[in-house]
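Peer 1: Below is work.pdb; it holds PDB, C-alpha atoms.
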```pdb
ATOM      1  CA  MET A  19      -0.555 -25.944 -11.307  1.00  0.00           C
ATOM      2  CA  VAL A  20      -3.842 -24.486 -10.060  1.00  0.00           C
ATOM      3  CA  GLU A  21      -5.739 -26.120 -12.917  1.00  0.00           C
ATOM      4  CA  ALA A  22      -4.072 -29.446 -12.173  1.00  0.00           C
ATOM      5  CA  ALA A  23      -5.059 -29.190  -8.509  1.00  0.00           C
ATOM      6  CA  GLU A  24      -8.610 -28.210  -9.436  1.00  0.00           C
ATOM      7  CA  ALA A  25      -8.914 -31.293 -11.623  1.00  0.00           C
ATOM      8  CA  ARG A  26      -8.089 -33.377  -8.538  1.00  0.00           C
ATOM      9  CA  GLY A  27     -10.773 -31.606  -6.498  1.00  0.00           C
ATOM     10  CA  THR A  28      -8.618 -30.157  -3.738  1.00  0.00           C
ATOM     11  CA  ALA A  29      -5.034 -29.198  -3.019  1.00  0.00           C
ATOM     12  CA  GLU A  30      -5.005 -30.083   0.642  1.00  0.00           C
ATOM     13  CA  THR A  31      -4.202 -33.787   0.505  1.00  0.00           C
ATOM     14  CA  LYS A  32      -0.791 -35.404   0.757  1.00  0.00           C
ATOM     15  CA  GLU A  33      -1.428 -37.317  -2.457  1.00  0.00           C
ATOM     16  CA  THR A  34      -2.263 -34.175  -4.443  1.00  0.00           C
ATOM     17  CA  VAL A  35       0.706 -32.227  -3.097  1.00  0.00           C
ATOM     18  CA  ALA A  36       3.074 -35.107  -3.857  1.00  0.00           C
ATOM     19  CA  ALA A  37       1.679 -35.480  -7.383  1.00  0.00           C
ATOM     20  CA  LEU A  38       1.966 -31.749  -8.126  1.00  0.00           C
ATOM     21  CA  SER A  39       5.477 -31.676  -6.702  1.00  0.00           C
ATOM     22  CA  GLU A  40       6.561 -34.480  -8.999  1.00  0.00           C
ATOM     23  CA  GLU A  41       4.730 -33.145 -12.053  1.00  0.00           C
ATOM     24  CA  TYR A  42       6.084 -29.585 -11.803  1.00  0.00           C
ATOM     25  CA  LEU A  43       9.525 -30.484 -10.405  1.00  0.00           C
ATOM     26  CA  VAL A  44       9.204 -28.359  -7.268  1.00  0.00           C
ATOM     27  CA  GLY A  45       9.315 -29.123  -3.564  1.00  0.00           C
ATOM     28  CA  GLU A  46       6.135 -30.182  -1.801  1.00  0.00           C
ATOM     29  CA  ALA A  47       6.132 -27.007   0.321  1.00  0.00           C
ATOM     30  CA  ILE A  48       6.220 -24.869  -2.830  1.00  0.00           C
ATOM     31  CA  ALA A  49       3.441 -26.888  -4.445  1.00  0.00           C
ATOM     32  CA  LEU A  50       1.225 -26.588  -1.376  1.00  0.00           C
ATOM     33  CA  GLY A  51       1.967 -22.883  -1.006  1.00  0.00           C
ATOM     34  CA  ALA A  52       1.105 -22.189  -4.644  1.00  0.00           C
ATOM     35  CA  VAL A  53      -2.323 -23.803  -4.606  1.00  0.00           C
ATOM     36  CA  SER A  54      -3.539 -23.630  -1.005  1.00  0.00           C
ATOM     37  CA  ALA A  55      -4.170 -19.880  -1.254  1.00  0.00           C
ATOM     38  CA  TYR A  56      -7.237 -20.534  -3.423  1.00  0.00           C
ATOM     39  CA  ASP A  57     -10.492 -21.020  -1.526  1.00  0.00           C
ATOM     40  CA  PHE A  58     -11.997 -23.404  -4.047  1.00  0.00           C
ATOM     41  CA  LEU A  59      -9.027 -25.754  -3.616  1.00  0.00           C
ATOM     42  CA  LYS A  60      -9.337 -26.059   0.155  1.00  0.00           C
ATOM     43  CA  ALA A  61     -10.335 -29.465   1.499  1.00  0.00           C
ATOM     44  CA  GLU A  62     -13.388 -27.957   3.202  1.00  0.00           C
ATOM     45  CA  ASN A  63     -14.673 -26.835  -0.210  1.00  0.00           C
ATOM     46  CA  ALA A  64     -14.236 -30.156  -1.992  1.00  0.00           C
ATOM     47  CA  GLY A  65     -17.458 -30.977  -3.821  1.00  0.00           C
ATOM     48  CA  LYS A  66     -18.824 -27.436  -3.633  1.00  0.00           C
ATOM     49  CA  LYS A  67     -20.600 -26.275  -6.777  1.00  0.00           C
ATOM     50  CA  VAL A  68     -21.177 -22.609  -5.990  1.00  0.00           C
ATOM     51  CA  PHE A  69     -19.286 -20.137  -3.806  1.00  0.00           C
ATOM     52  CA  VAL A  70     -20.731 -17.107  -2.003  1.00  0.00           C
ATOM     53  CA  CYS A  71     -18.401 -14.101  -1.762  1.00  0.00           C
ATOM     54  CA  ASP A  72     -17.521 -13.080   1.783  1.00  0.00           C
ATOM     55  CA  GLY A  73     -15.576  -9.950   0.830  1.00  0.00           C
ATOM     56  CA  SER A  74     -16.067  -6.804   2.922  1.00  0.00           C
ATOM     57  CA  ALA A  75     -18.078  -4.877   0.314  1.00  0.00           C
ATOM     58  CA  CYS A  76     -20.602  -7.680  -0.169  1.00  0.00           C
ATOM     59  CA  LEU A  77     -20.959  -8.214   3.579  1.00  0.00           C
ATOM     60  CA  VAL A  78     -21.464  -4.498   4.235  1.00  0.00           C
ATOM     61  CA  ALA A  79     -24.036  -4.372   1.429  1.00  0.00           C
ATOM     62  CA  GLY A  80     -26.056  -6.953   3.360  1.00  0.00           C
ATOM     63  CA  THR A  81     -26.725  -9.061   0.270  1.00  0.00           C
ATOM     64  CA  GLN A  82     -25.047 -12.344   1.128  1.00  0.00           C
ATOM     65  CA  GLU A  83     -27.479 -13.937   3.580  1.00  0.00           C
ATOM     66  CA  GLY A  84     -30.340 -13.494   1.143  1.00  0.00           C
ATOM     67  CA  LEU A  85     -28.148 -14.733  -1.707  1.00  0.00           C
ATOM     68  CA  HIS A  86     -27.234 -17.867   0.244  1.00  0.00           C
ATOM     69  CA  GLU A  87     -30.900 -18.544   0.955  1.00  0.00           C
ATOM     70  CA  GLU A  88     -31.798 -18.124  -2.724  1.00  0.00           C
ATOM     71  CA  LEU A  89     -29.001 -20.483  -3.770  1.00  0.00           C
ATOM     72  CA  THR A  90     -30.472 -23.254  -1.612  1.00  0.00           C
ATOM     73  CA  LYS A  91     -33.314 -23.403  -4.138  1.00  0.00           C
ATOM     74  CA  TYR A  92     -30.846 -24.689  -6.730  1.00  0.00           C
ATOM     75  CA  PHE A  93     -28.104 -26.353  -4.659  1.00  0.00           C
ATOM     76  CA  ALA A  94     -27.949 -28.553  -1.602  1.00  0.00           C
ATOM     77  CA  GLU A  95     -26.532 -26.855   1.488  1.00  0.00           C
ATOM     78  CA  GLU A  96     -23.378 -28.983   1.329  1.00  0.00           C
ATOM     79  CA  GLU A  97     -22.793 -27.807  -2.262  1.00  0.00           C
ATOM     80  CA  ILE A  98     -22.554 -24.121  -1.247  1.00  0.00           C
ATOM     81  CA  GLY A  99     -19.170 -22.796  -0.128  1.00  0.00           C
ATOM     82  CA  HIS A 100     -17.598 -19.424   0.615  1.00  0.00           C
ATOM     83  CA  ILE A 101     -14.831 -17.606  -1.207  1.00  0.00           C
ATOM     84  CA  CYS A 102     -12.847 -14.397  -0.704  1.00  0.00           C
ATOM     85  CA  CYS A 103     -13.554 -11.182  -2.623  1.00  0.00           C
ATOM     86  CA  LEU A 104     -14.592 -11.762  -6.238  1.00  0.00           C
ATOM     87  CA  GLY A 105     -14.052  -8.164  -7.327  1.00  0.00           C
ATOM     88  CA  ARG A 106     -17.730  -7.279  -7.795  1.00  0.00           C
ATOM     89  CA  CYS A 107     -17.672  -4.730  -4.999  1.00  0.00           C
ATOM     90  CA  HIS A 108     -19.560  -2.231  -7.167  1.00  0.00           C
ATOM     91  CA  GLN A 109     -22.605  -4.517  -7.268  1.00  0.00           C
ATOM     92  CA  GLY A 110     -22.662  -6.777  -4.235  1.00  0.00           C
ATOM     93  CA  GLY A 111     -24.394 -10.135  -4.092  1.00  0.00           C
ATOM     94  CA  ALA A 112     -21.353 -11.759  -5.683  1.00  0.00           C
ATOM     95  CA  TYR A 113     -20.965 -15.502  -6.147  1.00  0.00           C
ATOM     96  CA  GLN A 114     -18.957 -17.879  -8.304  1.00  0.00           C
ATOM     97  CA  HIS A 115     -20.289 -20.790 -10.328  1.00  0.00           C
ATOM     98  CA  ALA A 116     -18.477 -22.973 -12.850  1.00  0.00           C
ATOM     99  CA  GLY A 117     -15.399 -20.754 -12.656  1.00  0.00           C
ATOM    100  CA  ALA A 118     -17.265 -17.532 -13.536  1.00  0.00           C
ATOM    101  CA  ASN A 119     -18.289 -14.673 -11.255  1.00  0.00           C
ATOM    102  CA  PHE A 120     -21.818 -13.278 -11.057  1.00  0.00           C
ATOM    103  CA  SER A 121     -23.911 -10.825  -9.047  1.00  0.00           C
ATOM    104  CA  GLY A 122     -27.285 -11.891  -7.685  1.00  0.00           C
ATOM    105  CA  LYS A 123     -28.657  -8.616  -6.370  1.00  0.00           C
ATOM    106  CA  GLU A 124     -32.209  -9.149  -7.554  1.00  0.00           C
ATOM    107  CA  SER A 125     -34.406 -12.107  -6.664  1.00  0.00           C
ATOM    108  CA  GLY A 126     -34.836 -12.977 -10.333  1.00  0.00           C
ATOM    109  CA  ASP A 127     -31.114 -13.086 -11.140  1.00  0.00           C
ATOM    110  CA  LEU A 128     -30.617 -16.664  -9.960  1.00  0.00           C
ATOM    111  CA  ALA A 129     -33.742 -17.877 -11.704  1.00  0.00           C
ATOM    112  CA  ALA A 130     -32.483 -16.325 -14.933  1.00  0.00           C
ATOM    113  CA  GLN A 131     -29.226 -18.232 -14.600  1.00  0.00           C
ATOM    114  CA  PHE A 132     -30.199 -21.600 -13.200  1.00  0.00           C
ATOM    115  CA  GLU A 133     -33.639 -21.966 -14.760  1.00  0.00           C
ATOM    116  CA  ARG A 134     -33.332 -20.150 -18.086  1.00  0.00           C
ATOM    117  CA  GLY A 135     -29.553 -20.036 -18.648  1.00  0.00           C
ATOM    118  CA  GLU A 136     -29.566 -16.257 -19.143  1.00  0.00           C
ATOM    119  CA  ALA A 137     -26.777 -15.270 -16.746  1.00  0.00           C
ATOM    120  CA  ASP A 138     -24.189 -12.659 -17.690  1.00  0.00           C
ATOM    121  CA  SER A 139     -20.814 -12.696 -15.942  1.00  0.00           C
ATOM    122  CA  SER A 140     -19.367  -9.708 -17.817  1.00  0.00           C
ATOM    123  CA  ASP A 141     -18.002  -6.852 -15.733  1.00  0.00           C
ATOM    124  CA  ILE A 142     -18.952  -3.899 -17.931  1.00  0.00           C
ATOM    125  CA  TYR A 143     -19.982  -0.865 -15.919  1.00  0.00           C
ATOM    126  CA  ARG A 144     -19.740   2.906 -16.256  1.00  0.00           C
ATOM    127  CA  VAL A 145     -17.113   4.898 -14.389  1.00  0.00           C
ATOM    128  CA  ALA A 146     -17.965   8.585 -14.006  1.00  0.00           C
ATOM    129  CA  SER A 147     -16.361  11.609 -12.379  1.00  0.00           C
ATOM    130  CA  THR A 148     -17.712  14.984 -11.301  1.00  0.00           C
ATOM    131  CA  LEU A 149     -14.260  16.581 -11.513  1.00  0.00           C
ATOM    132  CA  PRO A 150     -13.555  18.948 -14.435  1.00  0.00           C
ATOM    133  CA  GLU A 151     -10.522  16.789 -15.220  1.00  0.00           C
ATOM    134  CA  PRO A 152     -10.927  13.182 -14.016  1.00  0.00           C
ATOM    135  CA  ILE A 153      -7.907  11.694 -12.262  1.00  0.00           C
ATOM    136  CA  LEU A 154      -8.352   7.929 -12.230  1.00  0.00           C
ATOM    137  CA  THR A 155     -10.075   7.801 -15.620  1.00  0.00           C
ATOM    138  CA  ALA A 156      -7.914  10.405 -17.346  1.00  0.00           C
ATOM    139  CA  GLU A 157      -5.949   9.467 -20.439  1.00  0.00           C
ATOM    140  CA  PHE A 158      -2.688   7.708 -19.547  1.00  0.00           C
ATOM    141  CA  PRO A 159       0.194  10.092 -20.389  1.00  0.00           C
ATOM    142  CA  GLY A 160       2.846   7.379 -20.557  1.00  0.00           C
ATOM    143  CA  ILE A 161       5.247   6.101 -17.917  1.00  0.00           C
ATOM    144  CA  ASP A 162       7.862   8.790 -18.652  1.00  0.00           C
ATOM    145  CA  ALA A 163       5.563  11.492 -17.278  1.00  0.00           C
ATOM    146  CA  PHE A 164       5.554   9.805 -13.873  1.00  0.00           C
ATOM    147  CA  TYR A 165       9.333   9.434 -13.782  1.00  0.00           C
ATOM    148  CA  GLU A 166      10.001  13.050 -14.798  1.00  0.00           C
ATOM    149  CA  PRO A 167       9.841  14.592 -11.276  1.00  0.00           C
ATOM    150  CA  PHE A 168      12.211  11.872 -10.035  1.00  0.00           C
ATOM    151  CA  ARG A 169      14.640  12.530 -12.889  1.00  0.00           C
ATOM    152  CA  LYS A 170      14.622  16.269 -12.137  1.00  0.00           C
ATOM    153  CA  LEU A 171      15.506  15.635  -8.512  1.00  0.00           C
ATOM    154  CA  LEU A 172      18.323  13.294  -9.507  1.00  0.00           C
ATOM    155  CA  ALA A 173      19.664  15.792 -12.034  1.00  0.00           C
ATOM    156  CA  GLY A 174      19.715  18.481  -9.348  1.00  0.00           C
ATOM    157  CA  GLY A 175      22.255  16.455  -7.411  1.00  0.00           C
ATOM    158  CA  ASP A 176      20.743  17.278  -4.013  1.00  0.00           C
ATOM    159  CA  ARG A 177      20.087  13.927  -2.370  1.00  0.00           C
ATOM    160  CA  GLY A 178      18.866  15.641   0.779  1.00  0.00           C
ATOM    161  CA  ALA A 179      16.147  17.420  -1.197  1.00  0.00           C
ATOM    162  CA  LEU A 180      15.197  14.160  -2.876  1.00  0.00           C
ATOM    163  CA  PHE A 181      14.833  12.399   0.462  1.00  0.00           C
ATOM    164  CA  ALA A 182      12.872  15.313   1.969  1.00  0.00           C
ATOM    165  CA  GLU A 183      10.407  15.258  -0.916  1.00  0.00           C
ATOM    166  CA  LEU A 184      10.080  11.496  -0.698  1.00  0.00           C
ATOM    167  CA  LYS A 185       9.348  11.745   3.023  1.00  0.00           C
ATOM    168  CA  GLU A 186       6.841  14.545   2.468  1.00  0.00           C
ATOM    169  CA  SER A 187       5.004  12.471  -0.153  1.00  0.00           C
ATOM    170  CA  LYS A 188       4.363   9.701   2.421  1.00  0.00           C
ATOM    171  CA  LEU A 189       4.742   7.079  -0.292  1.00  0.00           C
ATOM    172  CA  ARG A 190       4.454   3.559   1.055  1.00  0.00           C
ATOM    173  CA  GLY A 191       5.419   0.114  -0.154  1.00  0.00           C
ATOM    174  CA  ARG A 192       2.832  -2.113  -1.815  1.00  0.00           C
ATOM    175  CA  GLY A 193       3.139  -4.936   0.718  1.00  0.00           C
ATOM    176  CA  GLY A 194       0.708  -5.608   3.521  1.00  0.00           C
ATOM    177  CA  ALA A 195       2.805  -3.752   6.111  1.00  0.00           C
ATOM    178  CA  GLY A 196       2.870  -0.549   4.057  1.00  0.00           C
ATOM    179  CA  PHE A 197       6.293   0.612   5.227  1.00  0.00           C
ATOM    180  CA  PRO A 198       7.083   4.239   4.291  1.00  0.00           C
ATOM    181  CA  LEU A 199       9.425   4.280   1.304  1.00  0.00           C
ATOM    182  CA  SER A 200      11.506   7.031   2.910  1.00  0.00           C
ATOM    183  CA  PHE A 201      12.195   4.743   5.875  1.00  0.00           C
ATOM    184  CA  LYS A 202      13.409   1.990   3.553  1.00  0.00           C
ATOM    185  CA  TRP A 203      15.722   4.332   1.665  1.00  0.00           C
ATOM    186  CA  GLN A 204      17.008   5.959   4.839  1.00  0.00           C
ATOM    187  CA  SER A 205      17.814   2.548   6.344  1.00  0.00           C
ATOM    188  CA  CYS A 206      19.811   1.603   3.263  1.00  0.00           C
ATOM    189  CA  ARG A 207      21.616   4.933   3.170  1.00  0.00           C
ATOM    190  CA  GLU A 208      22.629   4.838   6.834  1.00  0.00           C
ATOM    191  CA  ALA A 209      23.628   1.167   6.936  1.00  0.00           C
ATOM    192  CA  GLU A 210      27.343   0.682   7.507  1.00  0.00           C
ATOM    193  CA  GLY A 211      29.598  -1.316   5.229  1.00  0.00           C
ATOM    194  CA  SER A 212      30.552  -1.454   1.592  1.00  0.00           C
ATOM    195  CA  PRO A 213      29.267  -2.987  -0.562  1.00  0.00           C
ATOM    196  CA  LYS A 214      25.712  -3.034   0.791  1.00  0.00           C
ATOM    197  CA  TYR A 215      23.226  -5.817   0.092  1.00  0.00           C
ATOM    198  CA  ILE A 216      19.447  -5.559  -0.070  1.00  0.00           C
ATOM    199  CA  VAL A 217      17.314  -8.656   0.556  1.00  0.00           C
ATOM    200  CA  CYS A 218      13.984  -8.070  -1.177  1.00  0.00           C
ATOM    201  CA  ASN A 219      10.936 -10.211  -1.931  1.00  0.00           C
ATOM    202  CA  ALA A 220      10.254  -8.652  -5.327  1.00  0.00           C
ATOM    203  CA  ASP A 221       6.832 -10.234  -5.845  1.00  0.00           C
ATOM    204  CA  GLU A 222       4.823  -7.016  -5.611  1.00  0.00           C
ATOM    205  CA  GLY A 223       5.716  -5.345  -8.895  1.00  0.00           C
TER
END
```
Mind turning the file's structure into C-alpha cells?
Peer 2:
Amino acid sequence: MVEAAEARGTAETKETVAALSEEYLVGEAIALGAVSAYDFLKAENAGKKVFVCDGSACLVAGTQEGLHEELTKYFAEEEIGHICCLGRCHQGGAYQHAGANFSGKESGDLAAQFERGEADSSDIYRVASTLPEPILTAEFPGIDAFYEPFRKLLAGGDRGALFAELKESKLRGRGGAGFPLSFKWQSCREAEGSPKYIVCNADEG
C-alpha cells in the first residue's frame, strides 16, 4: 500500500485515500492510517527529492544545518524536505535520496554522490566492547535460555515468588507508555469475575 501511495506522490488527498481503499479492500480510515505515518507521503512533502533527517541524534550532532545548506547546491529549496530518524545515529548528517539513506558528514560526501555518483548507502560499521564478555554482541544462546528462569519459577509453584521477582526486575511493556509488566499482571490477577478477558493491541511483538 505504501508503494502504491508513493507512486501517486502523496497519501494525504481524498482521491488517493479512496483509490487505496478500493484497491486493497479496506476502509478509508485504515488506508489513511497505514500510509500517513510516512513523512515522504505527507502532502507537505509532495515533490520533494531529498529529505534531511531531523532525528534527535542528528540534531544533537549539529550536522543538519550544514547538510541542508550543502544540499541547496544540488537541489532547489522547495525540493528539500524533512523526515524522522533514518537510523544513522552512529554517524549523523543523515539524509534520504531516491529511497536510500546516506550520511553527509564531510563536505565532500555530497559532491561524491551528486557529481560523481560514488555514494554508498550501506550501513556496515564496527561494534566493539571493552567488557571481558560482551553483552549486546555476545553469541545468541537461543530463545530457550531466556525462558529458563521463567520455567523454573513456574515449576516451583509459588506464584507469589514469581510476581515478586517480576516486580523486582522492573520489566516494562514495549509500548510508548512503558507500563510495568508487574502492574499489568497484578491487574489481571485481582480483577473480579470468571472467565476474565484481556483486550490487547498485540502489534508490538
Peer 1: When you draw a straight line from atom CA of A:Glu30 to atom CA of A:Gly117, how long is it in Å?
Peer 2: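 These atoms are spaced 19.3 Å apart.
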Peer 1: To test your reading of the syntax: which residues would the PyMOL selection byres ((chain A and resi 99-111) around 7) return for the file shown? Reply as a PyMOL selection string.
Peer 2: chain A and resi 57+63+66+68-73+75-76+79+81-82+85+97-98+112-113+119+121-123
Peer 1: Let me have the centre and edge lengths of the axis-aligned box enclosing all listed atoms of stretch 64-68 of chain A with 6 Å padding on every side, in Å to one decimal, as lines of an AutoDock Vina configuration file.
Peer 2:
```
center_x = -17.7
center_y = -26.8
center_z = -4.4
size_x = 18.9
size_y = 20.4
size_z = 16.8
```
Peer 1: For A:Gln204, find every residue with an atom within 10 Å (counting all atoms listed in the file), except residues of its own chain fewer than 4 positions away, and show them as a ChimeraX atom specification.
Peer 2: /A:181,185,199-200,208-209
Peer 1: For atom CA of A:Phe93 and atom CA of A:Phe120, determine how far apart the two atoms are, in Å to one decimal place.
Peer 2: 15.9 Å
Peer 1: Just to confirm, what's the straight-line distance from atom CA of A:Glu21 to atom CA of A:Gln131 in Å (one decimal)?
Peer 2: 24.8 Å
Peer 1: Env of A:Leu38: 8 Å cut, atoms = all atoms listed in the file, seq-sep filter 6 positions within chain, self excluded. Answer as a ChimeraX atom specification.
Peer 2: /A:19,22-23,46,49
Peer 1: Apply the PyMOL selection byres ((chain A and resi 188) around 12) to the structure shown and report the selected residues as an MDAnalysis selection string.
Peer 2: chainID A and resid 181:187 189:191 196:202
Peer 1: Nearest to A:Glu95 among A:Gly126, A:Gly65, A:Gly80, A:Gly211, with distances taken over only C-alpha atoms: which residue is it?
Peer 2: A:Gly65
Peer 1: Can you tell me, as a PyMOL selection string, what residues are no more than 12 Å from A:Ala47 when counting all atoms listed in the file, ignoring any on the same chain fewer than 3 positions away?
Peer 2: chain A and resi 29-30+32+35-36+38-40+43-44+50-54
Peer 1: Using all atoms listed in the file, which of the listed residues (A:Glu83, A:Phe168, A:Glu133, A:Lys67) sits closest to A:Gln114?
Peer 2: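 Nearest candidate to A:Gln114 out of A:Glu83, A:Phe168, A:Glu133, A:Lys67: A:Lys67.
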Peer 1: Filtering to N, CA and C atoms, could stretch 144-174 of chain A of the supplied structure be written out as a short mmCIF file (atom, residue, chain, number, x, y, z; two decimals), in the first residue's frame?
Peer 2:
```cif
data_model
loop_
_atom_site.label_atom_id
_atom_site.label_comp_id
_atom_site.auth_asym_id
_atom_site.auth_seq_id
_atom_site.Cartn_x
_atom_site.Cartn_y
_atom_site.Cartn_z
N ARG A 144 31.61 -1.06 12.67
CA ARG A 144 32.16 -1.96 13.67
C ARG A 144 31.52 -1.70 15.03
N VAL A 145 31.13 -2.76 15.70
CA VAL A 145 30.61 -2.67 17.06
C VAL A 145 31.62 -3.31 17.99
N ALA A 146 32.11 -2.56 18.96
CA ALA A 146 33.15 -3.06 19.86
C ALA A 146 32.68 -2.97 21.31
N SER A 147 33.35 -3.71 22.17
CA SER A 147 33.03 -3.69 23.60
C SER A 147 34.31 -3.81 24.40
N THR A 148 34.38 -3.08 25.51
CA THR A 148 35.54 -3.17 26.39
C THR A 148 35.32 -4.17 27.51
N LEU A 149 34.14 -4.80 27.55
CA LEU A 149 33.86 -5.80 28.57
C LEU A 149 34.57 -7.11 28.25
N PRO A 150 35.00 -7.86 29.26
CA PRO A 150 35.62 -9.17 29.00
C PRO A 150 34.68 -10.08 28.22
N GLU A 151 33.40 -10.03 28.55
CA GLU A 151 32.39 -10.81 27.84
C GLU A 151 31.30 -9.85 27.37
N PRO A 152 31.30 -9.47 26.10
CA PRO A 152 30.31 -8.52 25.59
C PRO A 152 28.89 -9.02 25.83
N ILE A 153 27.98 -8.08 26.08
CA ILE A 153 26.59 -8.44 26.33
C ILE A 153 25.77 -8.35 25.05
N LEU A 154 25.70 -7.17 24.47
CA LEU A 154 24.85 -6.97 23.30
C LEU A 154 25.37 -7.69 22.06
N THR A 155 26.70 -7.88 21.98
CA THR A 155 27.26 -8.52 20.80
C THR A 155 27.67 -9.97 21.06
N ALA A 156 27.29 -10.50 22.21
CA ALA A 156 27.63 -11.89 22.52
C ALA A 156 26.85 -12.84 21.63
N GLU A 157 27.34 -14.05 21.52
CA GLU A 157 26.68 -15.06 20.69
C GLU A 157 25.29 -15.37 21.26
N PHE A 158 24.29 -15.43 20.40
CA PHE A 158 22.92 -15.68 20.83
C PHE A 158 22.78 -17.13 21.30
N PRO A 159 22.37 -17.35 22.56
CA PRO A 159 22.32 -18.71 23.10
C PRO A 159 21.07 -19.48 22.70
N GLY A 160 20.13 -18.83 22.05
CA GLY A 160 18.86 -19.49 21.72
C GLY A 160 17.76 -19.01 22.65
N ILE A 161 16.54 -19.01 22.18
CA ILE A 161 15.43 -18.45 22.94
C ILE A 161 15.14 -19.22 24.21
N ASP A 162 15.44 -20.53 24.23
CA ASP A 162 15.16 -21.34 25.42
C ASP A 162 15.92 -20.84 26.64
N ALA A 163 17.12 -20.32 26.44
CA ALA A 163 17.92 -19.84 27.56
C ALA A 163 17.25 -18.68 28.27
N PHE A 164 16.50 -17.87 27.53
CA PHE A 164 15.84 -16.72 28.13
C PHE A 164 14.55 -17.12 28.85
N TYR A 165 13.95 -18.21 28.42
CA TYR A 165 12.72 -18.68 29.06
C TYR A 165 13.00 -19.55 30.29
N GLU A 166 14.23 -20.03 30.44
CA GLU A 166 14.55 -20.98 31.51
C GLU A 166 14.24 -20.44 32.91
N PRO A 167 14.64 -19.20 33.25
CA PRO A 167 14.31 -18.70 34.60
C PRO A 167 12.80 -18.65 34.83
N PHE A 168 12.04 -18.31 33.79
CA PHE A 168 10.58 -18.25 33.91
C PHE A 168 10.01 -19.64 34.14
N ARG A 169 10.54 -20.62 33.43
CA ARG A 169 10.07 -22.00 33.59
C ARG A 169 10.36 -22.51 35.00
N LYS A 170 11.52 -22.16 35.54
CA LYS A 170 11.88 -22.60 36.89
C LYS A 170 10.91 -22.03 37.93
N LEU A 171 10.55 -20.77 37.75
CA LEU A 171 9.61 -20.15 38.68
C LEU A 171 8.24 -20.80 38.59
N LEU A 172 7.81 -21.12 37.37
CA LEU A 172 6.52 -21.77 37.19
C LEU A 172 6.53 -23.17 37.80
N ALA A 173 7.63 -23.88 37.61
CA ALA A 173 7.74 -25.24 38.14
C ALA A 173 7.73 -25.24 39.66
N GLY A 174 8.23 -24.16 40.27
CA GLY A 174 8.25 -24.08 41.72
C GLY A 174 6.87 -23.94 42.33
#
```
